[in-house]
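Asks: Take this structure, written in structure tokens, and hold onto it; I'll ask about it next.
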Amino acid sequence: LALAPVTAPASTVDGFVREFLQNLNFNRGVALSTSSATDRYFALAYTVRDYLMARWLEDLRRQREVQAKGVAYLSAEYLLGRQLDNNLLASGLTDIASEALASCGIDLDDLRQQEVEPGLGNGGLGRLAACFIDSLATLGVPNTGYGIRYEYGIFRQTFEDGQQVEQPDSWLAYGSPWEFPHPEAAQTISFGGHTETYDDGGVQRSRWVPGWNVQAVPYNYMVPGYQNGRVNTLRLWSAKATNSFDLRVFNSGDYEEAVRAQTFAENISKVLYPEDSTPQGKELRLQQQYFFVAASIKDFLDVTLPKDFDLTKLPDRIIFQLNDTHPVIAVPELMRVLVDEKKMEWEDAWAITQKCFAYTCHTLLPEALEVWSVDLLGHLLPRHLEIIYRINDDFLDAVRERFGDDEMRIRDMSIIGEHPVRSVRMAYLATVAGAKVNGVAELHSQLLREKVLPDFDEFFPGKFTNVTNGVTPRRFVRLANPELSALITDALGSGWVTDLERLRELETHAEDPEFRARFAEVKAANKRRLSAVLRERDGFEVSDGHMLDVMVKRLHEYKRQMLKILHVVTQYESVISGRVVAADLQPRTAIFGAKAAPGYAMAKNIIHLINAVGSVVNADTRLEGRLKVLFPPNYNVTLAERVIPAADLSEQISLAGKEASGTGNMKFALNGALTIGTDDGANVEIRELVGDENFFLFGMSEPEVEALWARGYKPAEFYQADDNLRRALDLIASGAFSRGDRSTFEPIVSNLLYDDRFMVLADYSSYIAEQVKVDAAYADQDAWNRSAILNVARTGFFSSDRSMRDYIDRIWHTPPSF
Ligand code: 26V
């Protein structure tokens with residue numbers, strides 16, 4: 001009897017009602033009549049879980065049986081978004097659930113709103129990880145996503161007088177119905193202490209004598225494939241003080257010290273670092289990184305692999321994919337386990353390690369490349385530092401053998417940098433250890449090879465490759481845009497959700513006036529829905545007939561939100577100065593969504609400016625309501641799902657060569673927005689696919705950017721040369737948006753005039769000129785809709801299913817199993 005497999009509840013409305021009420025009564029301990037919306041949401045989530053459970057257990061069992069090669073995705077961030085709707089869709093239960101709840105007098109939509117999204121990531125990198133594990137489950141590839149169960153995710157953003165204020169994101173306040181804690185399966189993770197050598201039956205060996213331990217408690221989450229009966233696992237680690245840790249102190253009679261020690265240990269998974277792209281070199285962050293990768297490697301070696309597994313076969317069973325440099329400490333950790341604990345020869349261990357890792361780089365900004373000072377690393381992980389030195393020594397010997405004693409080159413390629421302090425360059429370590437290194441869009445991968453790591457490319461032929469990012473069509477088309485999905489399914493049948501290239505077949509429909517009219521109606525409905533969301537959430541009004549011009553992404557100077565707001569100021573100035581009559585403006589609403597890293601002063605000042613421009617512009621009746629700026633606070637995945645399907649124009653305006661890929665750009669195009677963008681990141685590939693005539697390109701190309709830098713960039717010359725630019729900047733400087741106070745935005749203005757690292761002023765004229773073309777194009781709604789449909793039809797390439805196939809074929813070699 002104990003061996004009887006778990007079976008799913010009956011997939012009928014009656015079966016669902018029974019299961020739901022059971023969960024409400026027995027798991028929430030409430031009656032339907034007295035239950036709160038939270039109770040009902042939890043009971044619903046438990047019910048959906050119950051349906052997926054049999055599949056999950058079966059998958060885990062089969063994976064154990066088959067022992068096929070799988071992917072361990074190592075990522076410090078997973079920006080999952082809400083789970084309920086996705087899990088309903090994956091299990092094919094949406095209609096049944098909706099009907100079942102209705103029969104209990106409950107609106108499914110009300111329960112959807114109860115979920116607090118797990119915001120365990122900053123932006124693109126974390127959301128990409130979430131898309132990838134969705135696609136792997138949908139493709140039926142064995143995968144465990146490993147990461148950190150932060151108690152506080154990305155901060156909740158509010159505005160006070162237009163300025164960003166950060167609030168803690170207590171996403172676990174009511175608990176999460178999606179997680180399965182396994183305290184009994186906790187791993188012990190060590191830190192600090194020292195290393196020593198010892199005699200091991202005549203062999204001199206090194207070992208680590210750690211100073212302190214914490215427990216890593218796994219929390220499992222279901223990752224269901226789309227209606228394919230597959231359920232993979234996301235395993236997030238939570239830090240817990242060990243008993244011995246505080247007992248020792250406790251026995252010394254110092255109660256307060258014992259509690260303090262416990263707090264110290266549990267701080268490790270307390271909060272997601274909200275810095276995006278500028279590493280701070282904080283010890284706690286390195287603790288987080290080591291904590292989760294050490295636990296993950298132990299989990300795989302000790303729990304997933306069979307007891308008697310021959311470790312020389314490790315590369316046949318697993319590939320650890322390093323999502324940026326954050327998990328790279330896994331490389332010396334695997335070496336330590338193999339050499340110190342499993343007593344393998346160094347060379348054998350290194351040969352295995354080099355086959356078990358692959359590294360994805362997500363940036364080109366030099367300040368974003370992580371380095372750890374040797375001081376800090378040696379103090380926290382002394383044995384790992386020794387191992388890194390040994391890896392580097394062997395590597396530099398090989399470099400010398402190949403290139404001779406070219407000391408300049410040796411210094412450039414060393415994993416250890418010397419300036420400003422002796423540090424470990426994590427990207428170099430990942431490159432040396434990884435079987436493959438990839439960038440995230442064609443242009444990015446090319447620049448990575450040619451500009452950032454050219455010596456490594458020469459030394460390791462064939463190691464560098466590209467995998468262009470993608471996004472999951474389940475969440476970002478099927479769920480976010482149900483009306484467009486229905487229209488597509490009507491035209492093509494339902495297979496497109498897992499075969500996105502099929503969207504191509506829409507090309508012919510773009511020529512059908514009736515189809516275009518239906519498409520226009522979908523867009524209008526999405527705008528009404530967004531309008532309702534923003535009214536309810538923020539008290540905003542979205543005006544009828546406006547082009548929705550959307551820029552949503554982290555606030556960073558390189559992304560150039562500044563350029564977008566300069567366009568708004570330019571339009572505003574042209575009307576209030578009387579050079580343009582308001583009636584001639586194409587009605588537009590600029591929508592921004594962006595969080596700034598709490599310590600990034602310039603980014604915060606730009607947020608303040610956008611809000612300030614918004615309050616002035618929105619209130620000025622001279623514009624006759626034809627220009628609006630909306631900046632809903634706390635942009636997150638949930639809001640993205642509402643904003644993107646309603647957008648007409650997608651702003652992808654980074655300085656060429658700075659945005660590694662972008663993934664928002666893909667989501668907009670797939671939802672039928674046209675892009676105004678630079679030749680940067682995946683924009684390049686989007687434009688190639690949709691065609692020049694369906695894309696608004698502006699600005700310098702990457703080589704032109706390089707050339708201008710080389711000539712000596714003087715932003716003030718651009719200010720002098722363009723009347724519109726001068727008037728816009730002067731207006732900001734005059735205090736027009738800061739109640740006459742000229743100091744508020746002075747740091748922005750002077751930065752633009754005298755520094756302007758990201759060449760906002762150099763690209764301004766070209767941007768404004770292209771926006772004029774956008775206005776003209778939008779005036780012909782029918783032609784615009786045709787273009788928008790062609791954007792949808794031609795961007796199926798950007799499904800994360802395709803990205804995953806690329807990784808599988810060219811990096812992982814992990815075919816779908818059973
Ligand atoms: C870096 C750091 C540095 C230490 C502090 C915390 C932290 C958090 C995140 C990051 C990652 C920055 C890199 C990143 O997010 N890159 C973005 O990756 C996207 C997915 O590949 C890509 O589309 C974006 O273009 C790229 O900016």
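Identifiers in this document derive from the order of the structure tokens: chains are assigned A, B, ..., residues are numbered from 1 separately in each chain, and ligands are numbered from 1 in order of occurrence.
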For ligand 1, collect every residue having any atom at a distance of at most 6 Å from a ligand atom (counting only C-alpha atoms and all ligand atoms); output as an mmCIF file with N, CA and C atoms, in the first residue's frame.
Replies:
data_model
loop_
_atom_site.group_PDB
_atom_site.id
_atom_site.type_symbol
_atom_site.label_atom_id
_atom_site.label_comp_id
_atom_site.auth_asym_id
_atom_site.auth_seq_id
_atom_site.Cartn_x
_atom_site.Cartn_y
_atom_site.Cartn_z
ATOM 1 N N GLY A 123 16.706 42.029 -12.429
ATOM 2 C CA GLY A 123 16.239 42.442 -13.752
ATOM 3 C C GLY A 123 16.445 41.334 -14.753
ATOM 4 N N GLY A 124 17.061 41.694 -15.878
ATOM 5 C CA GLY A 124 17.169 40.773 -17.018
ATOM 6 C C GLY A 124 17.776 39.419 -16.697
ATOM 7 N N LEU A 125 18.849 39.430 -15.926
ATOM 8 C CA LEU A 125 19.549 38.180 -15.658
ATOM 9 C C LEU A 125 18.689 37.202 -14.854
ATOM 10 N N LEU A 128 15.722 36.012 -16.992
ATOM 11 C CA LEU A 128 16.190 35.041 -17.985
ATOM 12 C C LEU A 128 16.258 33.644 -17.363
ATOM 13 N N TYR A 273 20.853 41.383 -2.914
ATOM 14 C CA TYR A 273 21.554 42.649 -3.169
ATOM 15 C C TYR A 273 20.887 43.363 -4.342
ATOM 16 N N GLU A 275 21.928 45.811 -6.023
ATOM 17 C CA GLU A 275 22.841 46.396 -7.005
ATOM 18 C C GLU A 275 22.720 45.589 -8.277
ATOM 19 N N ASP A 276 22.623 46.275 -9.366
ATOM 20 C CA ASP A 276 22.531 45.583 -10.639
ATOM 21 C C ASP A 276 23.662 46.140 -11.468
ATOM 22 N N SER A 277 24.699 45.368 -11.625
ATOM 23 C CA SER A 277 25.814 45.693 -12.506
ATOM 24 C C SER A 277 27.001 46.402 -11.849
ATOM 25 N N THR A 278 26.887 46.932 -10.650
ATOM 26 C CA THR A 278 28.102 47.455 -10.014
ATOM 27 C C THR A 278 28.373 46.702 -8.718
ATOM 28 N N PRO A 279 29.244 45.712 -8.765
ATOM 29 C CA PRO A 279 29.516 44.918 -7.573
ATOM 30 C C PRO A 279 30.160 45.763 -6.475
ATOM 31 N N HIS A 362 26.975 38.203 -19.033
ATOM 32 C CA HIS A 362 25.782 39.014 -19.289
ATOM 33 C C HIS A 362 26.067 40.507 -19.373
ATOM 34 N N THR A 363 27.299 40.880 -19.518
ATOM 35 C CA THR A 363 27.577 42.312 -19.521
ATOM 36 C C THR A 363 28.851 42.592 -20.314
ATOM 37 N N ALA A 368 31.143 46.129 -14.132
ATOM 38 C CA ALA A 368 30.225 45.067 -13.712
ATOM 39 C C ALA A 368 30.917 43.715 -13.592
ATOM 40 N N VAL A 440 25.257 36.747 -24.856
ATOM 41 C CA VAL A 440 23.812 36.573 -24.867
ATOM 42 C C VAL A 440 23.099 37.182 -26.074
ATOM 43 N N GLU A 659 24.376 47.385 -24.008
ATOM 44 C CA GLU A 659 23.330 46.454 -23.564
ATOM 45 C C GLU A 659 23.661 45.079 -24.127
ATOM 46 N N ALA A 660 23.970 44.144 -23.242
ATOM 47 C CA ALA A 660 24.425 42.843 -23.728
ATOM 48 C C ALA A 660 23.398 42.231 -24.685
ATOM 49 N N SER A 661 22.150 42.186 -24.259
ATOM 50 C CA SER A 661 21.110 41.638 -25.127
ATOM 51 C C SER A 661 19.835 42.464 -25.006
ATOM 52 N N GLY A 662 19.338 42.536 -23.766
ATOM 53 C CA GLY A 662 17.984 43.007 -23.574
ATOM 54 C C GLY A 662 17.072 41.802 -23.768
ATOM 55 N N THR A 663 15.990 41.754 -23.010
ATOM 56 C CA THR A 663 14.980 40.721 -23.207
ATOM 57 C C THR A 663 13.598 41.359 -23.255
#
Asks: Within 12 Å of segment 633-636 of chain A, which residues of segment 11-89 of chain A come that close, and what is the closest atom pair and distance in Å for each? Count only C-alpha atoms and give it as a Markdown table.
Replies:
| residue | atom | partner | partner_atom | distance |
| --- | --- | --- | --- | --- |
| A:Leu79 | CA | A:Asn636 | CA | 9.0 |
| A:Leu80 | CA | A:Asn636 | CA | 10.1 |
| A:Gly81 | CA | A:Asn636 | CA | 7.8 |
| A:Arg82 | CA | A:Asn636 | CA | 10.3 |
Asks: Those residues with C-alpha atoms, as a CSV table (one decimal), in the first residue's frame please?
Replies:
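Contents of the output file again-v1.csv:
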chain,number,residue,atom,x,y,z
A,79,LEU,CA,12.8,36.6,-11.0
A,80,LEU,CA,9.9,34.3,-11.1
A,81,GLY,CA,6.8,36.5,-11.1
A,82,ARG,CA,3.5,35.1,-9.9
Asks: Which residue is closest to Glu341 of chain A? Choose from A:Val749, A:Leu74, A:Leu301, A:Leu731 and count only C-alpha atoms.
Replies: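 Closest residue, counting only C-alpha atoms: A:Leu301.
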Asks: Taking into account only C-alpha atoms, which residue in the set A:Leu314, A:Ala76, A:Ala37, A:Ile329 is nearest to Leu381 of chain A?
Replies: A:Ile329
Asks: Looking at A:Phe395, A:Arg518, A:Asn694, A:Ile748, which one is nearest to Ala601 of chain A, with distances taken over only C-alpha atoms?
Replies: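 The shortest atom-to-atom distance to Ala601 of chain A comes from A:Ile748.
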Asks: Which parts of segment 67-310 of chain A does DSSP call strand (DSSP E) when run on the backbone here, written out as a ChimeraX atom specification?
Replies: /A:70-74,78-79,119-120,143-148,156-160,163-167,179-181,187-191,194-200,203-209,212-224,231-241
Asks: Could you give me, as CSV, every segment 113-229 of chain A residue with an atom at most 9 Å from segment 497-507 of chain A, plus its closest atom pair and distance in Å to one decimal, counting only C-alpha atoms, rows ordered by chain then number?
Replies:
residue,atom,partner,partner_atom,distance
A:Ser135,CA,A:Thr498,CA,9.0
A:Thr138,CA,A:Thr498,CA,7.8
A:Leu139,CA,A:Thr498,CA,8.7
A:Tyr226,CA,A:Thr498,CA,7.9
Asks: Residues of segment 34-147 of chain A within 7 Å of segment 229-237 of chain A: nearest atom pair and distance (Å, one decimal) for each, counting only C-alpha atoms, sorted by chain and number, as CSV?
Replies:
residue,atom,partner,partner_atom,distance
A:Arg55,CA,A:Gly229,CA,6.0
A:Trp56,CA,A:Val231,CA,4.9
A:Asp59,CA,A:Val231,CA,6.5
A:Ala137,CA,A:Asn232,CA,5.7
A:Gly140,CA,A:Arg230,CA,6.3
A:Pro142,CA,A:Asn232,CA,6.9
A:Asn143,CA,A:Asn232,CA,6.2
A:Thr144,CA,A:Thr233,CA,5.2
A:Gly145,CA,A:Leu234,CA,4.5
A:Tyr146,CA,A:Arg235,CA,5.0
A:Gly147,CA,A:Leu236,CA,4.7
Asks: Name all residues at most 10 Å from Phe540 of chain A (count only C-alpha atoms; drop same-chain ones fewer than 4 positions away) and give them as a list in words.
Replies: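 Listing them by chain and then by number gives Ser531, Ala532, Val533, Leu534, Arg535, Glu536, Leu630, Phe631 and Pro632 of chain A.
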Asks: Between A:Met759, A:Leu790, A:Ala779, A:Ile808, which is the closest to Ala358 of chain A once you count only C-alpha atoms?
Replies: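 Once distances to Ala358 of chain A are computed over only C-alpha atoms, the minimum belongs to A:Ile808.
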Asks: Work out how far atom CA of Val629 of chain A is from atom CA of Leu484 of chain A, in Å to one decimal.
Replies: 26.2 Å
Asks: Please provide as a PyMOL selection string all residues within 12 Å of Pro645 of chain A, with the sequence filter that same-chain residues fewer than 2 positions apart are discarded (counting only C-alpha atoms).
Replies: chain A and resi 475-485+519-520+522-531+548-550+639-643+647-650+664+666-674+788+792
Asks: Could you save the residues just selected, with C-alpha atoms, as a PDB file, in the first residue's frame?
Replies:
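Written file, result34.pdb:
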ATOM      1  CA  ARG A 475       4.177  33.799 -19.594  1.00  0.00           C
ATOM      2  CA  PHE A 476       4.869  36.686 -21.943  1.00  0.00           C
ATOM      3  CA  VAL A 477       2.422  35.943 -24.740  1.00  0.00           C
ATOM      4  CA  ARG A 478      -0.068  33.267 -23.757  1.00  0.00           C
ATOM      5  CA  LEU A 479      -0.711  34.513 -20.195  1.00  0.00           C
ATOM      6  CA  ALA A 480       0.121  38.190 -20.519  1.00  0.00           C
ATOM      7  CA  ASN A 481      -1.829  38.632 -23.736  1.00  0.00           C
ATOM      8  CA  PRO A 482      -4.800  36.248 -23.771  1.00  0.00           C
ATOM      9  CA  GLU A 483      -6.628  38.190 -26.484  1.00  0.00           C
ATOM     10  CA  LEU A 484      -3.712  38.214 -28.888  1.00  0.00           C
ATOM     11  CA  SER A 485      -3.196  34.544 -28.084  1.00  0.00           C
ATOM     12  CA  PHE A 519      -5.463  42.956 -34.106  1.00  0.00           C
ATOM     13  CA  ALA A 520      -6.210  46.649 -33.512  1.00  0.00           C
ATOM     14  CA  VAL A 522      -6.855  43.400 -29.234  1.00  0.00           C
ATOM     15  CA  LYS A 523      -4.388  46.238 -28.716  1.00  0.00           C
ATOM     16  CA  ALA A 524      -7.191  48.593 -27.728  1.00  0.00           C
ATOM     17  CA  ALA A 525      -8.546  46.059 -25.247  1.00  0.00           C
ATOM     18  CA  ASN A 526      -5.076  45.628 -23.744  1.00  0.00           C
ATOM     19  CA  LYS A 527      -4.831  49.391 -23.328  1.00  0.00           C
ATOM     20  CA  ARG A 528      -8.162  49.482 -21.536  1.00  0.00           C
ATOM     21  CA  ARG A 529      -7.029  46.691 -19.272  1.00  0.00           C
ATOM     22  CA  LEU A 530      -3.770  48.496 -18.483  1.00  0.00           C
ATOM     23  CA  SER A 531      -5.713  51.652 -17.859  1.00  0.00           C
ATOM     24  CA  LEU A 548       1.691  54.252 -25.546  1.00  0.00           C
ATOM     25  CA  ASP A 549       5.413  54.824 -25.643  1.00  0.00           C
ATOM     26  CA  VAL A 550       6.983  52.525 -23.080  1.00  0.00           C
ATOM     27  CA  LEU A 639       3.246  44.942 -13.979  1.00  0.00           C
ATOM     28  CA  ALA A 640       5.332  43.971 -17.018  1.00  0.00           C
ATOM     29  CA  GLU A 641       2.666  41.435 -17.911  1.00  0.00           C
ATOM     30  CA  ARG A 642       0.106  44.251 -18.102  1.00  0.00           C
ATOM     31  CA  VAL A 643       2.192  47.028 -19.639  1.00  0.00           C
ATOM     32  CA  ALA A 647       2.451  49.142 -25.692  1.00  0.00           C
ATOM     33  CA  ASP A 648       2.597  50.672 -29.155  1.00  0.00           C
ATOM     34  CA  LEU A 649       6.229  51.730 -29.042  1.00  0.00           C
ATOM     35  CA  SER A 650       9.094  49.922 -27.316  1.00  0.00           C
ATOM     36  CA  GLY A 664      12.233  43.303 -22.775  1.00  0.00           C
ATOM     37  CA  MET A 666      11.813  40.686 -27.379  1.00  0.00           C
ATOM     38  CA  LYS A 667       8.693  40.719 -25.196  1.00  0.00           C
ATOM     39  CA  PHE A 668       7.464  43.953 -26.778  1.00  0.00           C
ATOM     40  CA  ALA A 669       8.018  42.813 -30.344  1.00  0.00           C
ATOM     41  CA  LEU A 670       6.224  39.528 -29.659  1.00  0.00           C
ATOM     42  CA  ASN A 671       3.285  41.505 -28.322  1.00  0.00           C
ATOM     43  CA  GLY A 672       3.057  43.707 -31.378  1.00  0.00           C
ATOM     44  CA  ALA A 673       4.862  46.871 -30.361  1.00  0.00           C
ATOM     45  CA  LEU A 674       7.237  48.550 -32.801  1.00  0.00           C
ATOM     46  CA  ALA A 788       3.038  45.426 -35.611  1.00  0.00           C
ATOM     47  CA  VAL A 792       4.841  39.343 -34.008  1.00  0.00           C
TER      48      VAL A 792
END
Asks: Would you mind listing what lies within 12 Å of Trp709 of chain A as a PDB file with N, CA and C atoms, in the first residue's frame, with only C-alpha atoms counted and same-chain residues fewer than 3 positions away left out?
Replies:
ATOM      1  N   MET A 700      24.329  56.151 -33.122  1.00  0.00           N
ATOM      2  CA  MET A 700      25.615  55.649 -33.607  1.00  0.00           C
ATOM      3  C   MET A 700      25.664  54.137 -33.488  1.00  0.00           C
ATOM      4  N   GLU A 702      28.129  50.719 -32.876  1.00  0.00           N
ATOM      5  CA  GLU A 702      29.213  50.501 -31.918  1.00  0.00           C
ATOM      6  C   GLU A 702      30.557  50.999 -32.455  1.00  0.00           C
ATOM      7  N   PRO A 703      30.917  50.694 -33.710  1.00  0.00           N
ATOM      8  CA  PRO A 703      32.179  51.249 -34.228  1.00  0.00           C
ATOM      9  C   PRO A 703      32.185  52.781 -34.255  1.00  0.00           C
ATOM     10  N   GLU A 704      31.028  53.374 -34.536  1.00  0.00           N
ATOM     11  CA  GLU A 704      30.967  54.854 -34.522  1.00  0.00           C
ATOM     12  C   GLU A 704      31.165  55.404 -33.111  1.00  0.00           C
ATOM     13  N   VAL A 705      30.627  54.695 -32.138  1.00  0.00           N
ATOM     14  CA  VAL A 705      30.832  55.091 -30.743  1.00  0.00           C
ATOM     15  C   VAL A 705      32.325  55.061 -30.424  1.00  0.00           C
ATOM     16  N   GLU A 706      32.964  53.948 -30.782  1.00  0.00           N
ATOM     17  CA  GLU A 706      34.409  53.799 -30.555  1.00  0.00           C
ATOM     18  C   GLU A 706      35.184  54.937 -31.213  1.00  0.00           C
ATOM     19  N   GLY A 712      37.882  61.937 -29.223  1.00  0.00           N
ATOM     20  CA  GLY A 712      37.715  62.829 -28.071  1.00  0.00           C
ATOM     21  C   GLY A 712      36.304  63.381 -28.079  1.00  0.00           C
ATOM     22  N   TYR A 713      35.474  62.826 -27.209  1.00  0.00           N
ATOM     23  CA  TYR A 713      34.063  63.222 -27.189  1.00  0.00           C
ATOM     24  C   TYR A 713      33.862  64.463 -26.325  1.00  0.00           C
ATOM     25  N   LYS A 714      33.277  65.503 -26.916  1.00  0.00           N
ATOM     26  CA  LYS A 714      32.973  66.720 -26.168  1.00  0.00           C
ATOM     27  C   LYS A 714      31.480  67.001 -26.256  1.00  0.00           C
ATOM     28  N   PRO A 715      30.732  66.543 -25.245  1.00  0.00           N
ATOM     29  CA  PRO A 715      29.273  66.653 -25.315  1.00  0.00           C
ATOM     30  C   PRO A 715      28.794  68.093 -25.510  1.00  0.00           C
ATOM     31  N   ASP A 755      30.629  65.318 -19.200  1.00  0.00           N
ATOM     32  CA  ASP A 755      31.151  63.961 -19.099  1.00  0.00           C
ATOM     33  C   ASP A 755      30.399  63.051 -20.078  1.00  0.00           C
ATOM     34  N   ASP A 756      29.147  62.747 -19.746  1.00  0.00           N
ATOM     35  CA  ASP A 756      28.254  62.012 -20.646  1.00  0.00           C
ATOM     36  C   ASP A 756      28.892  60.736 -21.188  1.00  0.00           C
ATOM     37  N   ARG A 757      29.258  59.868 -20.258  1.00  0.00           N
ATOM     38  CA  ARG A 757      29.896  58.588 -20.605  1.00  0.00           C
ATOM     39  C   ARG A 757      29.085  57.807 -21.624  1.00  0.00           C
ATOM     40  N   PHE A 758      27.764  57.967 -21.596  1.00  0.00           N
ATOM     41  CA  PHE A 758      26.931  57.126 -22.452  1.00  0.00           C
ATOM     42  C   PHE A 758      26.342  57.902 -23.633  1.00  0.00           C
ATOM     43  N   MET A 759      26.981  59.049 -23.905  1.00  0.00           N
ATOM     44  CA  MET A 759      26.776  59.761 -25.170  1.00  0.00           C
ATOM     45  C   MET A 759      25.316  60.048 -25.502  1.00  0.00           C
ATOM     46  N   ALA A 762      25.246  62.992 -27.947  1.00  0.00           N
ATOM     47  CA  ALA A 762      25.680  62.647 -29.314  1.00  0.00           C
ATOM     48  C   ALA A 762      24.560  61.981 -30.107  1.00  0.00           C
TER      49      ALA A 762
END
Asks: I'd like the contact shell of Ile268 of chain A - 7 Å cut-off, only C-alpha atoms, skipping same-chain residues fewer than 3 positions apart - returned as a PyMOL selection string.
Replies: chain A and resi 239+265+284+287-288
Asks: Kindly save the residues from that selection, with C-alpha atoms included, as an mmCIF file, in the first residue's frame.
Replies:
data_model
loop_
_atom_site.group_PDB
_atom_site.id
_atom_site.type_symbol
_atom_site.label_atom_id
_atom_site.label_comp_id
_atom_site.auth_asym_id
_atom_site.auth_seq_id
_atom_site.Cartn_x
_atom_site.Cartn_y
_atom_site.Cartn_z
ATOM 1 C CA ALA A 239 20.499 29.733 5.732
ATOM 2 C CA ALA A 265 24.415 32.899 10.195
ATOM 3 C CA LEU A 284 28.089 39.010 2.753
ATOM 4 C CA GLN A 287 29.074 34.394 1.565
ATOM 5 C CA GLN A 288 25.811 34.169 -0.358
#
Asks: Between atom CA of Asn605 of chain A and atom CA of Ala736 of chain A, what is the distance, to one decimal in Å?
Replies: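 If I compute the distance from atom CA of Asn605 of chain A to atom CA of Ala736 of chain A, I get 15.5 Å.
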